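J.: A single structure is presented below for examination.
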Amino acid sequence: MGERQSGDGGGREFHRVAGELRTRMGNGTYPLHSMLPSQRNLADEFGVSRDTVQRVLRELAEAGWVESRQGSGSRVVRVLQATPAPVVAGRARGPITLGPALGKAFARPEVVLDTYTLTSESLYMHFSAQVERIRTGEIAPERIAVRMILPAEDLPLPFPRARDDEDDHRLRERLNGIQRRSLASLRDLFSGLELEEFVPSVSLEVRWARMAPSCKLYLIDHAEALLAPYEVIERNIRLDSGEVVPALDVLGFGASLTHHVKDEDGESPGSVFVDSWQAWFDSVWKYIAE
């Protein structure tokens with residue numbers, strides 16, 4: 001297969017390839033310490049340019065998922081937790097990541113998700129994996145309804161920011177660009193499901209709030225809550241210009257979440273936790289988010 005042109009390196013293809021590679025690292029296709037296929041093989045498989053593959057691998061390396069060395073390829077140095085923790089007395093024992101929780105939710109006839117997060121990037125990657133399951137006929141939900149609250153684009157945020165220059169706005173501009181591309185890809189993903197009649201009812205509503213998120217929150221079917229604080233880290237971020245900026249950022253994709261579920265006892269810790277956060281989300285959605 002011939003070499004692709006570099007013009008396909010847009011946001012949608014970048015997120016598609018990155019999401020699939022992260023999914024494979026999570027489900028054991030590429031286990032810890034294994035080598036990823038070569039850049040040429042990945043470009044051929046996904047039908048994209050090597051430039052797009054290089055961007056994906058560079059982003060995965062900067063986020064700590066792979067270690068890339070010239071001439072040696074890319075080795076997996078971090079994987080997602082792929083198995084949900086068992087639920088005991090209304091909450092999960094041990095950490096859980098979002099992928100398995102969404103996998104269970106999408107296997108049901110209705111998927112209702114409310115989320116409050118810094119960006120929609122990781123959610124797009126998780127949804128891509130579920131959409132692939134729908135398209136192959138593995139699952140067949142009848143309704144998908146998602147509400148998302150995100151920080152307003154002009155809201156000052158403590159992260160990401162340049163470590164040595166708080167007045168450097170380039171990282172925020174980069175974040176806003178990621179947000180726009182991710183949302184556009186999400187809308188295309190959802191629209192395709194409905195237009196191609198894979199799912200009878202699909203809705204995606206997004207509102208912006210002048211609130212800096214200190215945690216990410218996912219509420220599934222008004223019955224489960226997953227919550228994780230954003231952990232601030234130091235890392236290098238590469239701008240589109242190629243310049244590398246030492247930055248303060250937060251862990252996103254693959255972060256471990258606490259998991260609580262409602263049960264028949266409305267006063268149990270799990271039920272109170274889910275109801276409290278659902279009430280909080282509904283109030284912000286109604287009164288603050290625009």
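Just remember, in the structure tokens the first chain shown is A, the second B, etc., residues are 1-based per chain, and ligands are 1-based in the order shown.
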Going by DSSP on the backbone, which bits of stretch 11-86 of chain A are alpha helix (DSSP H)? Write them as a PyMOL selection string, please.

T.: chain A and resi 11-27+39-46+50-62

J.: Write out, as JSON lines, each residue of stretch 108-156 of chain A that has an atom at most 12 Å from stretch 182-192 of chain A, together with the closest pair of atoms and their distance in Å to one decimal, counting only C-alpha atoms, rows going by chain and rising number.

T.:
```
{"residue": "A:Leu118", "atom": "CA", "partner": "A:Ser182", "partner_atom": "CA", "distance": 11.9}
{"residue": "A:Thr119", "atom": "CA", "partner": "A:Ser182", "partner_atom": "CA", "distance": 8.1}
{"residue": "A:Ser120", "atom": "CA", "partner": "A:Ser182", "partner_atom": "CA", "distance": 5.9}
{"residue": "A:Glu121", "atom": "CA", "partner": "A:Ser182", "partner_atom": "CA", "distance": 5.2}
{"residue": "A:Ser122", "atom": "CA", "partner": "A:Ser182", "partner_atom": "CA", "distance": 8.6}
{"residue": "A:Leu123", "atom": "CA", "partner": "A:Leu186", "partner_atom": "CA", "distance": 8.5}
{"residue": "A:Tyr124", "atom": "CA", "partner": "A:Leu186", "partner_atom": "CA", "distance": 5.7}
{"residue": "A:Met125", "atom": "CA", "partner": "A:Ser182", "partner_atom": "CA", "distance": 9.0}
{"residue": "A:His126", "atom": "CA", "partner": "A:Leu186", "partner_atom": "CA", "distance": 10.5}
{"residue": "A:Phe127", "atom": "CA", "partner": "A:Leu186", "partner_atom": "CA", "distance": 8.0}
{"residue": "A:Ser128", "atom": "CA", "partner": "A:Leu189", "partner_atom": "CA", "distance": 7.5}
{"residue": "A:Ala129", "atom": "CA", "partner": "A:Leu189", "partner_atom": "CA", "distance": 10.9}
{"residue": "A:Gln130", "atom": "CA", "partner": "A:Leu189", "partner_atom": "CA", "distance": 10.5}
{"residue": "A:Val131", "atom": "CA", "partner": "A:Leu189", "partner_atom": "CA", "distance": 7.7}
{"residue": "A:Glu132", "atom": "CA", "partner": "A:Leu189", "partner_atom": "CA", "distance": 10.3}
{"residue": "A:Ile134", "atom": "CA", "partner": "A:Gly192", "partner_atom": "CA", "distance": 11.5}
{"residue": "A:Arg135", "atom": "CA", "partner": "A:Gly192", "partner_atom": "CA", "distance": 10.4}
{"residue": "A:Arg143", "atom": "CA", "partner": "A:Phe190", "partner_atom": "CA", "distance": 11.1}
{"residue": "A:Ile144", "atom": "CA", "partner": "A:Phe190", "partner_atom": "CA", "distance": 8.8}
{"residue": "A:Ala145", "atom": "CA", "partner": "A:Phe190", "partner_atom": "CA", "distance": 9.9}
{"residue": "A:Val146", "atom": "CA", "partner": "A:Phe190", "partner_atom": "CA", "distance": 10.0}
{"residue": "A:Met148", "atom": "CA", "partner": "A:Leu183", "partner_atom": "CA", "distance": 10.3}
{"residue": "A:Ile149", "atom": "CA", "partner": "A:Leu183", "partner_atom": "CA", "distance": 11.9}
{"residue": "A:Leu150", "atom": "CA", "partner": "A:Leu183", "partner_atom": "CA", "distance": 10.7}
```

J.: Please list as a PyMOL selection string every residue within 10 Å of stretch 218-225 of chain A, counting only C-alpha atoms and excluding residues in the same chain fewer than 2 positions away.

T.: chain A and resi 90-91+98+101-102+105+110-117+145-148+216+227-228+257-263+270-271+273-279+281

J.: For A:Trp65, work out the shell of residues within 12 Å, counting only C-alpha atoms and skipping chain neighbours fewer than 5 positions away, then give it as a count of residues only.

T.: 30

J.: Using only C-alpha atoms, determine which residues lie at most 7 Å from A:Pro160, disregarding the query and same-chain residues fewer than 6 positions distant; provide the list as a PyMOL selection string.

T.: chain A and resi 171-172+247-249

J.: Restricting it to all heavy atoms, dump the selection as an mmCIF file, in the first residue's frame.

T.:
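Output saved as again.cif:
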```cif
data_model
loop_
_atom_site.group_PDB
_atom_site.id
_atom_site.type_symbol
_atom_site.label_atom_id
_atom_site.label_comp_id
_atom_site.auth_asym_id
_atom_site.auth_seq_id
_atom_site.Cartn_x
_atom_site.Cartn_y
_atom_site.Cartn_z
ATOM 1 N N LEU A 171 -0.796 27.499 25.746
ATOM 2 C CA LEU A 171 -1.308 26.201 26.167
ATOM 3 C C LEU A 171 -2.826 26.230 26.299
ATOM 4 O O LEU A 171 -3.496 25.232 26.020
ATOM 5 C CB LEU A 171 -0.665 25.775 27.487
ATOM 6 C CG LEU A 171 0.835 25.476 27.423
ATOM 7 C CD1 LEU A 171 1.330 24.976 28.772
ATOM 8 C CD2 LEU A 171 1.146 24.452 26.340
ATOM 9 N N ARG A 172 -3.385 27.365 26.727
ATOM 10 C CA ARG A 172 -4.843 27.461 26.778
ATOM 11 C C ARG A 172 -5.436 27.457 25.379
ATOM 12 O O ARG A 172 -6.478 26.838 25.133
ATOM 13 C CB ARG A 172 -5.273 28.720 27.540
ATOM 14 C CG ARG A 172 -6.812 28.841 27.667
ATOM 15 C CD ARG A 172 -7.384 27.599 28.361
ATOM 16 N NE ARG A 172 -8.818 27.502 28.244
ATOM 17 C CZ ARG A 172 -9.680 28.032 29.109
ATOM 18 N NH1 ARG A 172 -9.226 28.723 30.151
ATOM 19 N NH2 ARG A 172 -10.971 27.877 28.951
ATOM 20 N N ALA A 247 5.414 22.393 31.347
ATOM 21 C CA ALA A 247 4.082 22.825 31.761
ATOM 22 C C ALA A 247 3.605 22.122 33.015
ATOM 23 O O ALA A 247 4.133 21.082 33.415
ATOM 24 C CB ALA A 247 3.095 22.572 30.627
ATOM 25 N N LEU A 248 2.587 22.719 33.619
ATOM 26 C CA LEU A 248 1.790 22.081 34.653
ATOM 27 C C LEU A 248 0.489 21.657 34.000
ATOM 28 O O LEU A 248 -0.219 22.467 33.404
ATOM 29 C CB LEU A 248 1.514 23.045 35.813
ATOM 30 C CG LEU A 248 2.735 23.544 36.586
ATOM 31 C CD1 LEU A 248 2.304 24.527 37.669
ATOM 32 C CD2 LEU A 248 3.503 22.377 37.207
ATOM 33 N N ASP A 249 0.171 20.378 34.089
ATOM 34 C CA ASP A 249 -1.010 19.840 33.436
ATOM 35 C C ASP A 249 -1.676 18.852 34.390
ATOM 36 O O ASP A 249 -1.232 18.670 35.527
ATOM 37 C CB ASP A 249 -0.626 19.163 32.118
ATOM 38 C CG ASP A 249 -1.791 19.034 31.147
ATOM 39 O OD1 ASP A 249 -2.891 19.530 31.461
ATOM 40 O OD2 ASP A 249 -1.599 18.435 30.081
#
```

J.: Report as a PyMOL selection string: the residues of stretch 91-283 of chain A with a DSSP assignment of strand (DSSP E or B), based on the backbone of this structure.

T.: chain A and resi 91-92+96+110-116+143-151+161-162+201-209+215-220+224-229+232-238+244-250+257-261

J.: Can you list, as a tab-separated table (two decimals) with N, CA and C atoms, in the first residue's frame, every protein, DNA or RNA residue that comes within 8 Å of A:Ala289 when you count only C-alpha atoms, leaving out same-chain residues fewer than 5 positions away?

T.:
```
chain	number	residue	atom	x	y	z
A	149	ILE	N	-21.00	19.14	30.70
A	149	ILE	CA	-20.66	20.47	31.17
A	149	ILE	C	-19.14	20.64	31.07
A	207	ARG	N	-23.09	22.21	27.48
A	207	ARG	CA	-23.18	23.55	28.06
A	207	ARG	C	-21.85	23.90	28.71
A	208	TRP	N	-21.58	25.22	28.77
A	208	TRP	CA	-20.33	25.70	29.33
A	208	TRP	C	-20.60	26.46	30.63
A	209	ALA	N	-19.74	26.26	31.60
A	209	ALA	CA	-19.89	26.91	32.90
A	209	ALA	C	-18.61	27.67	33.24
A	210	ARG	N	-18.79	28.78	33.94
A	210	ARG	CA	-17.63	29.55	34.38
A	210	ARG	C	-17.14	28.99	35.70
A	284	VAL	N	-26.28	22.73	38.44
A	284	VAL	CA	-25.34	23.49	37.61
A	284	VAL	C	-25.85	23.57	36.18
```

J.: Please indicate the distance in Å from atom CA of A:Arg69 to atom CA of A:Phe159, rounded to one decimal place.

T.: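 These two atoms are separated by 28.8 Å.
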
J.: Can you check which parts of stretch 118-167 of chain A lie within 9 Å of stretch 239-246 of chain A? Per residue, the shortest pair of atoms and distance in Å to one decimal, counting only C-alpha atoms, sorted by chain and number, as a Markdown table.

T.:
```
| residue | atom | partner | partner_atom | distance |
| --- | --- | --- | --- | --- |
| A:Arg161 | CA | A:Pro246 | CA | 8.7 |
| A:Ala162 | CA | A:Pro246 | CA | 6.0 |
| A:Arg163 | CA | A:Pro246 | CA | 5.7 |
| A:Asp164 | CA | A:Pro246 | CA | 7.5 |
```

J.: Quick one: pull the distance between atom CA of A:Ala107 and atom CA of A:Phe14, Å, one decimal.

T.: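 Separation between atom CA of A:Ala107 and atom CA of A:Phe14: 26.8 Å.
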
J.: When you draw a straight line from atom CA of A:Tyr230 to atom CA of A:Leu217, how long is it in Å?

T.: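 Atom CA of A:Leu217 lies 10.5 Å from atom CA of A:Tyr230.
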